[in-house]
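Next up, protein.txt (compact mmCIF, C-alpha atoms):
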```txt
# COMPACT_ATOMS: atom_id res chain seq x y z
CA MET A 16 0.00 0.00 0.00
CA ALA A 17 2.84 2.36 0.92
CA ILE A 18 4.51 1.64 -2.39
CA THR A 19 1.31 2.40 -4.26
CA THR A 20 0.91 5.74 -2.48
CA ALA A 21 4.52 6.73 -3.24
CA ALA A 22 4.09 5.75 -6.87
CA LEU A 23 0.88 7.75 -7.02
CA ALA A 24 2.62 10.78 -5.53
CA ARG A 25 5.47 10.51 -8.05
CA CYS A 26 2.93 10.21 -10.83
CA LEU A 27 1.10 13.33 -9.60
CA ILE A 28 4.32 15.31 -9.36
CA ALA A 29 5.28 14.27 -12.89
CA ALA A 30 1.83 15.20 -14.19
CA THR A 31 1.93 18.58 -12.44
CA THR A 32 5.40 19.32 -13.80
CA PHE A 33 4.19 18.40 -17.28
CA LEU A 34 1.18 20.70 -16.97
CA ILE A 35 3.31 23.62 -15.75
CA ALA A 36 5.72 23.06 -18.64
CA GLN A 37 2.78 22.98 -21.05
CA ALA A 38 1.42 26.24 -19.66
CA ALA A 39 4.84 27.90 -20.02
CA THR A 40 5.41 26.80 -23.61
CA ALA A 41 1.83 27.37 -24.70
CA ALA A 42 1.99 31.16 -24.16
CA SER A 43 -0.22 32.71 -26.83
CA PRO A 44 0.99 35.42 -29.17
CA ILE A 45 -0.41 38.84 -28.27
CA GLY A 46 0.25 40.53 -31.59
CA GLN A 47 1.84 40.33 -34.99
CA ILE A 48 4.37 42.45 -36.89
CA LYS A 49 2.55 44.14 -39.79
CA THR A 50 5.20 46.59 -40.98
CA ALA A 51 8.97 46.48 -40.55
CA ALA A 52 11.80 48.53 -42.07
CA GLY A 53 15.51 48.54 -41.18
CA ALA A 54 16.90 47.07 -37.98
CA VAL A 55 14.19 45.81 -35.61
CA THR A 56 14.82 43.28 -32.86
CA VAL A 57 13.00 41.66 -29.99
CA GLU A 58 14.54 40.86 -26.62
CA ARG A 59 12.86 37.69 -25.35
CA ALA A 60 13.97 35.47 -22.45
CA GLY A 61 17.45 36.99 -22.42
CA ALA A 62 18.10 36.56 -26.15
CA SER A 63 17.84 39.06 -28.98
CA LYS A 64 16.55 38.22 -32.45
CA SER A 65 15.54 40.24 -35.47
CA LEU A 66 11.87 40.76 -36.34
CA ALA A 67 10.17 40.65 -39.74
CA VAL A 68 6.61 41.10 -41.03
CA GLY A 69 4.48 38.15 -39.91
CA ASP A 70 6.46 37.42 -36.73
CA ARG A 71 4.46 37.14 -33.50
CA VAL A 72 5.10 39.06 -30.30
CA TYR A 73 4.48 37.87 -26.74
CA GLU A 74 3.87 39.32 -23.30
CA SER A 75 7.19 40.47 -21.71
CA ASP A 76 8.87 41.04 -25.09
CA THR A 77 10.91 44.21 -25.51
CA ILE A 78 10.86 45.65 -29.03
CA VAL A 79 13.95 47.62 -30.05
CA THR A 80 14.54 49.63 -33.22
CA GLY A 81 17.86 50.93 -34.52
CA ASN A 82 17.49 52.93 -37.69
CA GLY A 83 14.28 51.07 -38.47
CA THR A 84 10.58 51.28 -37.73
CA VAL A 85 7.99 48.63 -36.90
CA GLY A 86 4.18 48.40 -36.76
CA ILE A 87 2.32 45.86 -34.61
CA THR A 88 -1.37 44.90 -34.46
CA PHE A 89 -2.43 43.22 -31.22
CA VAL A 90 -5.11 40.55 -30.71
CA ASP A 91 -7.56 43.13 -29.27
CA ASN A 92 -7.09 45.20 -32.47
CA SER A 93 -5.01 47.84 -30.73
CA MET A 94 -2.05 49.03 -32.80
CA MET A 95 1.39 50.46 -32.14
CA ALA A 96 4.10 51.90 -34.36
CA LEU A 97 7.69 52.50 -33.20
CA GLY A 98 9.97 55.05 -34.79
CA PRO A 99 13.78 54.80 -35.02
CA GLN A 100 15.99 54.50 -31.88
CA THR A 101 13.08 53.31 -29.79
CA ARG A 102 12.75 50.83 -26.94
CA LEU A 103 9.32 49.52 -25.86
CA ALA A 104 8.64 46.79 -23.27
CA LEU A 105 5.31 44.94 -23.54
CA ASP A 106 5.14 44.46 -19.76
CA GLN A 107 1.67 42.99 -19.34
CA PHE A 108 -1.03 41.90 -21.77
CA ALA A 109 -4.24 40.00 -21.07
CA PHE A 110 -7.34 39.85 -23.29
CA ASP A 111 -10.48 37.73 -23.15
CA PRO A 112 -11.82 37.60 -26.71
CA THR A 113 -15.33 36.75 -25.45
CA THR A 114 -15.81 39.44 -22.79
CA HIS A 115 -13.11 41.85 -24.09
CA ASP A 116 -11.86 42.26 -20.51
CA GLY A 117 -8.14 42.77 -20.37
CA ARG A 118 -5.11 44.80 -19.47
CA PHE A 119 -2.27 46.26 -21.53
CA ASN A 120 0.77 47.83 -19.85
CA ALA A 121 3.83 48.93 -21.79
CA SER A 122 6.95 50.99 -21.04
CA LEU A 123 8.52 53.33 -23.57
CA SER A 124 12.02 53.97 -22.25
CA LYS A 125 13.18 55.99 -25.27
CA GLY A 126 12.14 56.99 -28.75
CA THR A 127 8.81 57.57 -30.49
CA LEU A 128 5.58 55.59 -30.37
CA THR A 129 2.09 55.95 -31.81
CA VAL A 130 -0.77 54.01 -30.23
CA LYS A 131 -4.33 53.35 -31.34
CA SER A 132 -6.39 51.75 -28.61
CA GLY A 133 -8.47 48.62 -29.22
CA GLN A 134 -11.10 46.43 -27.62
CA ILE A 135 -9.45 46.27 -24.18
CA VAL A 136 -9.85 50.03 -23.75
CA LYS A 137 -13.30 50.08 -25.36
CA GLN A 138 -14.45 47.59 -22.71
CA THR A 139 -12.50 49.13 -19.81
CA PRO A 140 -11.26 52.71 -20.20
CA GLU A 141 -7.73 53.19 -18.79
CA ALA A 142 -7.05 49.42 -18.80
CA MET A 143 -4.18 50.40 -21.12
CA ARG A 144 -1.24 52.25 -19.58
CA ILE A 145 1.98 53.51 -21.13
CA LYS A 146 4.88 54.43 -18.87
CA THR A 147 7.74 56.71 -19.90
CA PRO A 148 10.67 57.93 -17.78
CA ALA A 149 8.79 61.23 -17.30
CA ALA A 150 5.09 60.33 -17.28
CA LEU A 151 2.33 57.74 -16.88
CA LEU A 152 -0.38 57.67 -19.55
CA GLY A 153 -3.86 56.18 -19.10
CA VAL A 154 -5.70 55.47 -22.35
CA ARG A 155 -9.44 56.19 -22.51
CA GLY A 156 -9.78 55.50 -26.22
CA THR A 157 -7.99 57.36 -28.98
CA GLU A 158 -4.92 57.52 -31.17
CA PHE A 159 -1.93 59.39 -29.79
CA ALA A 160 1.81 59.80 -30.13
CA VAL A 161 4.56 59.82 -27.49
CA ARG A 162 8.22 60.78 -27.57
CA ALA A 163 10.22 59.70 -24.54
CA ASP A 164 13.52 61.33 -23.59
CA ASP A 165 15.85 58.86 -21.88
CA ALA A 166 17.89 61.55 -20.09
CA PRO A 167 17.63 61.32 -16.29
CA ILE A 168 14.78 63.32 -14.78
CA ALA A 169 16.03 66.50 -13.07
CA GLN A 170 15.38 66.54 -9.33
CA ALA A 171 13.77 69.64 -7.90
CA PRO A 172 16.46 71.76 -6.17
CA MET B 30 41.72 73.52 -3.89
CA THR B 31 41.79 69.96 -2.59
CA ARG B 32 40.57 67.00 -4.56
CA ARG B 33 37.94 66.46 -1.88
CA ALA B 34 36.37 69.91 -2.46
CA LEU B 35 36.42 69.53 -6.22
CA VAL B 36 34.07 66.51 -6.32
CA PRO B 37 30.86 68.22 -5.15
CA LEU B 38 31.67 71.20 -7.37
CA LEU B 39 31.96 68.98 -10.44
CA ALA B 40 28.77 67.19 -9.47
CA ALA B 41 26.95 70.51 -9.23
CA ALA B 42 28.31 71.59 -12.61
CA ALA B 43 27.18 68.30 -14.17
CA LEU B 44 23.73 68.68 -12.65
CA SER B 45 23.26 72.21 -13.95
CA ALA B 46 24.47 71.13 -17.39
CA CYS B 47 21.91 68.32 -17.43
CA CYS B 48 19.08 70.61 -16.44
CA ASN B 49 19.77 73.34 -18.94
CA VAL B 50 19.13 70.91 -21.78
CA PRO B 51 15.39 70.94 -22.34
CA ARG B 52 13.80 67.49 -22.26
CA ARG B 53 12.33 66.29 -25.51
CA ASP B 54 9.34 64.46 -24.01
CA LEU B 55 6.16 65.07 -25.97
CA ILE B 56 2.69 63.55 -25.81
CA VAL B 57 0.00 64.50 -28.33
CA VAL B 58 -3.47 63.26 -29.29
CA LEU B 59 -3.73 62.47 -33.01
CA PRO B 60 -6.89 63.24 -34.98
CA GLY B 61 -8.91 59.99 -34.73
CA ALA B 62 -9.76 58.33 -38.03
CA ASP B 63 -13.41 57.99 -36.95
CA GLY B 64 -13.59 61.47 -35.43
CA HIS B 65 -14.12 60.02 -31.95
CA VAL B 66 -11.56 61.01 -29.34
CA GLY B 67 -11.94 59.48 -25.87
CA GLY B 68 -8.63 60.92 -24.82
CA ILE B 69 -5.73 60.02 -22.57
CA THR B 70 -4.67 61.00 -19.08
CA VAL B 71 -1.09 62.07 -18.43
CA GLU B 72 0.42 62.04 -14.94
CA ALA B 73 3.82 63.63 -14.32
CA ALA B 74 5.46 65.67 -11.59
CA GLY B 75 2.34 65.45 -9.42
CA VAL B 76 0.10 66.89 -12.14
CA LYS B 77 -2.66 65.00 -13.98
CA LEU B 78 -3.94 66.24 -17.34
CA VAL B 79 -6.74 64.94 -19.57
CA LEU B 80 -5.98 65.33 -23.27
CA ASP B 81 -9.14 64.70 -25.30
CA LYS B 82 -8.93 66.83 -28.43
CA PRO B 83 -6.89 66.40 -31.60
CA TYR B 84 -3.43 68.00 -31.24
CA ALA B 85 -3.88 68.52 -27.48
CA GLY B 86 -0.47 67.81 -25.98
CA ALA B 87 1.82 67.87 -22.97
CA LYS B 88 5.56 68.19 -22.45
CA PRO B 89 6.33 66.50 -19.11
CA GLY B 90 9.67 66.26 -17.40
CA GLY B 91 10.59 69.85 -16.66
CA GLY B 92 9.16 70.02 -13.12
CA GLY B 93 5.45 70.68 -13.64
CA MET B 94 3.43 70.16 -16.77
CA ALA B 95 0.98 72.40 -18.64
CA PRO B 96 -1.24 71.48 -21.57
CA VAL B 97 0.11 72.67 -24.92
CA ASP B 98 -1.38 72.82 -28.39
CA VAL B 99 0.91 70.97 -30.73
CA GLY B 100 0.91 72.01 -34.37
CA GLU B 101 0.36 69.57 -37.19
CA ASP B 102 3.81 70.51 -38.53
CA GLU B 103 5.51 69.59 -35.25
CA VAL B 104 3.63 66.27 -35.16
CA ASN B 105 4.79 65.43 -38.67
CA GLU B 106 8.34 66.53 -37.95
CA VAL B 107 8.69 64.52 -34.72
CA PHE B 108 6.55 61.50 -35.61
CA GLY B 109 6.72 61.33 -39.41
CA ASP B 110 8.67 58.04 -39.57
CA THR B 111 6.54 56.54 -36.80
CA LEU B 112 3.23 57.53 -38.41
CA GLY B 113 4.48 55.95 -41.65
CA ALA B 114 5.02 52.61 -39.86
CA ARG B 115 1.43 52.28 -38.61
CA PRO B 116 -0.32 49.04 -39.61
CA VAL B 117 -3.40 49.10 -41.84
CA PRO B 118 -6.32 49.35 -39.36
CA PRO B 119 -8.44 46.21 -38.83
CA LYS B 120 -11.70 46.13 -40.78
CA SER B 121 -14.92 44.24 -40.00
CA TYR B 122 -17.34 42.53 -42.40
CA THR B 123 -20.70 40.83 -41.81
CA LEU B 124 -21.98 37.97 -43.98
CA TYR B 125 -25.59 36.70 -43.79
CA PHE B 126 -26.82 33.12 -44.19
CA ALA B 127 -29.86 31.13 -45.31
CA SER B 128 -32.01 29.64 -42.54
CA GLY B 129 -30.73 26.57 -40.73
CA GLY B 130 -27.51 26.03 -42.68
CA THR B 131 -24.15 27.29 -43.87
CA GLU B 132 -25.29 28.60 -47.25
CA LEU B 133 -24.36 32.23 -47.81
CA ALA B 134 -27.26 34.63 -48.53
CA PRO B 135 -26.96 35.77 -52.18
CA ASP B 136 -26.73 39.44 -51.12
CA SER B 137 -23.58 38.67 -49.11
CA GLN B 138 -21.46 37.40 -52.00
CA ALA B 139 -20.25 40.95 -52.78
CA THR B 140 -19.21 41.43 -49.14
CA MET B 141 -17.38 38.10 -49.22
CA ASP B 142 -15.49 39.23 -52.34
CA ALA B 143 -14.58 42.59 -50.78
CA MET B 144 -13.33 40.80 -47.67
CA LEU B 145 -11.19 38.42 -49.72
CA ASP B 146 -9.72 41.36 -51.69
CA ASP B 147 -8.94 43.21 -48.46
CA MET B 148 -7.23 40.15 -47.01
CA ALA B 149 -5.21 39.63 -50.17
CA ALA B 150 -3.97 43.23 -50.06
CA ARG B 151 -2.64 43.00 -46.49
CA LYS B 152 0.76 41.83 -45.34
CA ALA B 153 0.60 39.03 -42.76
CA ALA B 154 -3.20 39.11 -42.89
CA GLU B 155 -5.23 37.52 -40.11
CA ALA B 156 -8.98 36.83 -39.90
CA VAL B 157 -11.05 36.43 -36.74
CA ILE B 158 -14.34 34.75 -37.71
CA THR B 159 -17.33 34.60 -35.33
CA GLY B 160 -20.55 32.82 -36.26
CA HIS B 161 -24.06 33.61 -34.97
CA THR B 162 -27.62 32.25 -35.39
CA ASP B 163 -31.19 33.42 -34.92
CA THR B 164 -33.28 31.94 -32.09
CA VAL B 165 -34.92 29.13 -34.11
CA GLY B 166 -33.89 25.73 -32.69
CA SER B 167 -32.21 24.73 -29.42
CA GLY B 168 -29.32 26.61 -27.87
CA ALA B 169 -27.00 23.62 -28.31
CA ASP B 170 -27.93 23.20 -31.97
CA ASN B 171 -27.34 26.90 -32.55
CA ASP B 172 -23.90 26.70 -30.93
CA ARG B 173 -23.03 23.99 -33.45
CA LEU B 174 -24.62 25.86 -36.38
CA SER B 175 -22.86 29.14 -35.56
CA LEU B 176 -19.48 27.40 -35.46
CA ALA B 177 -20.30 25.56 -38.71
CA ARG B 178 -21.01 28.95 -40.37
CA ALA B 179 -17.71 30.35 -39.12
CA LYS B 180 -15.85 27.27 -40.35
CA ALA B 181 -17.54 27.50 -43.76
CA VAL B 182 -16.16 31.04 -44.15
CA ALA B 183 -12.75 29.87 -42.92
CA ALA B 184 -12.81 27.10 -45.55
CA THR B 185 -13.45 29.67 -48.30
CA LEU B 186 -10.54 31.76 -47.00
CA ARG B 187 -8.18 28.78 -46.89
CA GLU B 188 -9.24 27.75 -50.40
CA THR B 189 -8.66 31.27 -51.73
CA PHE B 190 -5.30 31.75 -50.05
CA ALA B 191 -3.99 28.17 -50.07
CA SER B 192 -1.21 29.07 -52.49
CA LYS B 193 -0.50 32.57 -51.13
CA GLY B 194 1.20 31.75 -47.88
CA VAL B 195 -1.48 32.76 -45.38
CA MET B 196 -0.28 31.17 -42.14
CA ALA B 197 -2.30 28.22 -40.85
CA ASP B 198 -2.81 29.94 -37.49
CA ALA B 199 -3.87 33.23 -39.09
CA ILE B 200 -7.54 32.21 -39.23
CA ALA B 201 -9.43 31.85 -35.94
CA THR B 202 -13.04 30.65 -35.69
CA ALA B 203 -15.61 30.80 -32.89
CA GLY B 204 -19.36 30.18 -32.62
CA ARG B 205 -21.52 32.33 -30.34
CA GLY B 206 -24.83 30.55 -31.05
CA GLU B 207 -27.80 32.80 -30.27
CA ARG B 208 -26.04 34.66 -27.42
CA GLU B 209 -25.25 37.83 -29.35
CA LEU B 210 -28.30 38.75 -31.41
CA LEU B 211 -27.88 41.69 -33.76
CA VAL B 212 -31.64 42.22 -33.61
CA SER B 213 -33.28 41.32 -30.32
CA THR B 214 -36.13 38.78 -30.80
CA PRO B 215 -38.16 36.31 -28.71
CA ASP B 216 -37.10 32.63 -28.77
CA GLN B 217 -37.95 30.57 -31.90
CA THR B 218 -37.99 33.63 -34.19
CA ALA B 219 -36.55 33.51 -37.70
CA GLU B 220 -34.52 36.71 -38.25
CA PRO B 221 -32.22 36.94 -41.29
CA ARG B 222 -30.11 39.70 -39.71
CA ASN B 223 -29.20 37.40 -36.81
CA ARG B 224 -28.02 34.55 -39.09
CA ARG B 225 -24.61 35.99 -39.68
CA VAL B 226 -20.84 35.68 -39.45
CA ASP B 227 -18.71 38.62 -38.31
CA ILE B 228 -15.19 38.73 -39.70
CA THR B 229 -12.43 41.03 -38.57
CA VAL B 230 -9.55 41.22 -41.04
CA ARG B 231 -6.30 42.65 -39.67
```
Kindly present the structure from the file in structure tokens form.
Amino acid sequence: MAITTAALARCLIAATTFLIAQAATAASPIGQIKTAAGAVTVERAGASKSLAVGDRVYESDTIVTGNGTVGITFVDNSMMALGPQTRLALDQFAFDPTTHDGRFNASLSKGTLTVKSGQIVKQTPEAMRIKTPAALLGVRGTEFAVRADDAPIAQAP
Amino acid sequence: MTRRALVPLLAAAALSACCNVPRRDLIVVLPGADGHVGGITVEAAGVKLVLDKPYAGAKPGGGGMAPVDVGEDEVNEVFGDTLGARPVPPKSYTLYFASGGTELAPDSQATMDAMLDDMAARKAAEAVITGHTDTVGSGADNDRLSLARAKAVAATLRETFASKGVMADAIATAGRGERELLVSTPDQTAEPRNRRVDITVR
């Protein structure tokens, strides 16, 4: 009986490990590259690789442009375009295609970005937030442009 | 002057040099394609602004922040390359169906053709296809029928683009049964406008 219980426990642990591994590898794409020109790369899980039209992007990706530009459409139909010398981290993205509930947080640490909000914001105004070194933006539903300066913020004297 | 006294002096000089360079931060609302502007909020330096009109802007980072009107010329100068990289906006189509099956209503063939043309013109095109029914029949049957309608449209897409490299995972289908009526009706009511498939091409 003791042997059976131990075997069962091992089996459960193996099954759980398998499920966790599945969940980790089965991360869904959150968007797709629709336009790309010049040098565009993604930093993902500590590695950097170049991006082309048709490539998918995932939560926690950081998109980096050199002399290039890139345009991305996300699964909630929101859109972003990055100008040259830009760095954008897709910090958090969740979207339920049935209820349209979700959350979209990104950080623009330098460069230029245009954003058109999608279904996440239509369902929940300000569920999309863009952080820059100088400001925090809450999106209520519109198209807008941001340039972020990466110089340190001056402290008040 | 000792080395020890020089350090804070240099630090002060560096600080004043940094702060004399104006920051280049800029936030501006673009004129919405559909004329609707819900706006954005901007929080910086303890100030919160609401920008909800085209070309309304803010320049945070300089200790305090006031709203500014940004000219179209400045927008084009600063964001020209970025604006040029914007994806083609997603577009939605609605196809209608004959009662009880997956046969397209004759009037919807032109919409189907327009949708196929749109998809062909896009780079890395994707389609999100959602089927619906009217309230005739059981809920379970309508769940199946709505998905069958969505899959029929997906099959037409795959057939059309089989040789053109549309990715296998670029077409998503779902059936919503009679949960999302376009026209509200009582149960067991035939309503052509509810027998439909919504397609978003992006």
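The nearest approach to B:Arg205 among the residues B:Glu72, B:Asp147, B:Asp81, B:Asp163, with all atoms listed in the file taken into account, belongs to B:Asp163.
Atom CA of B:Val107 lies 23.4 Å from atom CA of B:Ala74.
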Counting all atoms listed in the file, a student should be able to say which residues of chain B come within 9 Å of chain A; what is the right answer, written as a PyMOL selection string?
chain B and resi 44+47-48+52-62+65-74+81+83-84+89-92+104+107-119+151-154+196+231
Gap from atom CA of B:Val226 to atom CA of A:Gln138 - Å, one decimal
21.5 Å
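Picture a line from atom CA of B:Gly204 to atom CA of B:Glu188; it runs 20.6 Å.
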Which neighbours of B:Ala169 fall inside 9 Å, counting all atoms listed in the file, when residues of the same chain fewer than 4 positions from it are skipped, and could you give them as a PDB file with C-alpha atoms, in the coordinates of the input?
```pdb
ATOM      1  CA  ARG B 173     -23.030  23.990 -33.450  1.00  0.00           C
ATOM      2  CA  LEU B 174     -24.620  25.860 -36.380  1.00  0.00           C
ATOM      3  CA  GLY B 206     -24.830  30.550 -31.050  1.00  0.00           C
TER       4      GLY B 206
END
```
Would you please work out which residue, of B:Pro221, B:Pro215, B:Lys120, B:Ala199, is nearest to A:Pro44 when using all atoms listed in the file?
B:Ala199
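Near A:Ile135, within a cut-off of 7 Å and counting only C-alpha atoms, sit the residues Asp91, Phe110, His115, Asp116, Gly117, Arg118 and Ala142 of chain A, with same-chain residues fewer than 5 positions away left out.
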Write out as a VMD selection string which residues come within 12 Å of B:Glu132 when counting all atoms listed in the file, dropping same-chain ones fewer than 4 positions away.
chain B and resid 124 to 128 136 to 138 174 to 175 177 to 182 185 224 to 226
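Taking only C-alpha atoms into account, B:Met148 lies nearest to B:Leu186 out of the set B:Thr214, B:Leu186, B:Ala134, B:Glu106.
Those residues that approach B:Asp216 to within 12 Å, counting all atoms listed in the file, are Thr162, Asp163, Thr164, Val165, Gly166, Ser167, Gly168, Asn171, Glu207, Arg208, Leu210, Ser213, Thr214, Thr218, Ala219 and Glu220 of chain B; same-chain residues fewer than 2 positions away are not listed.
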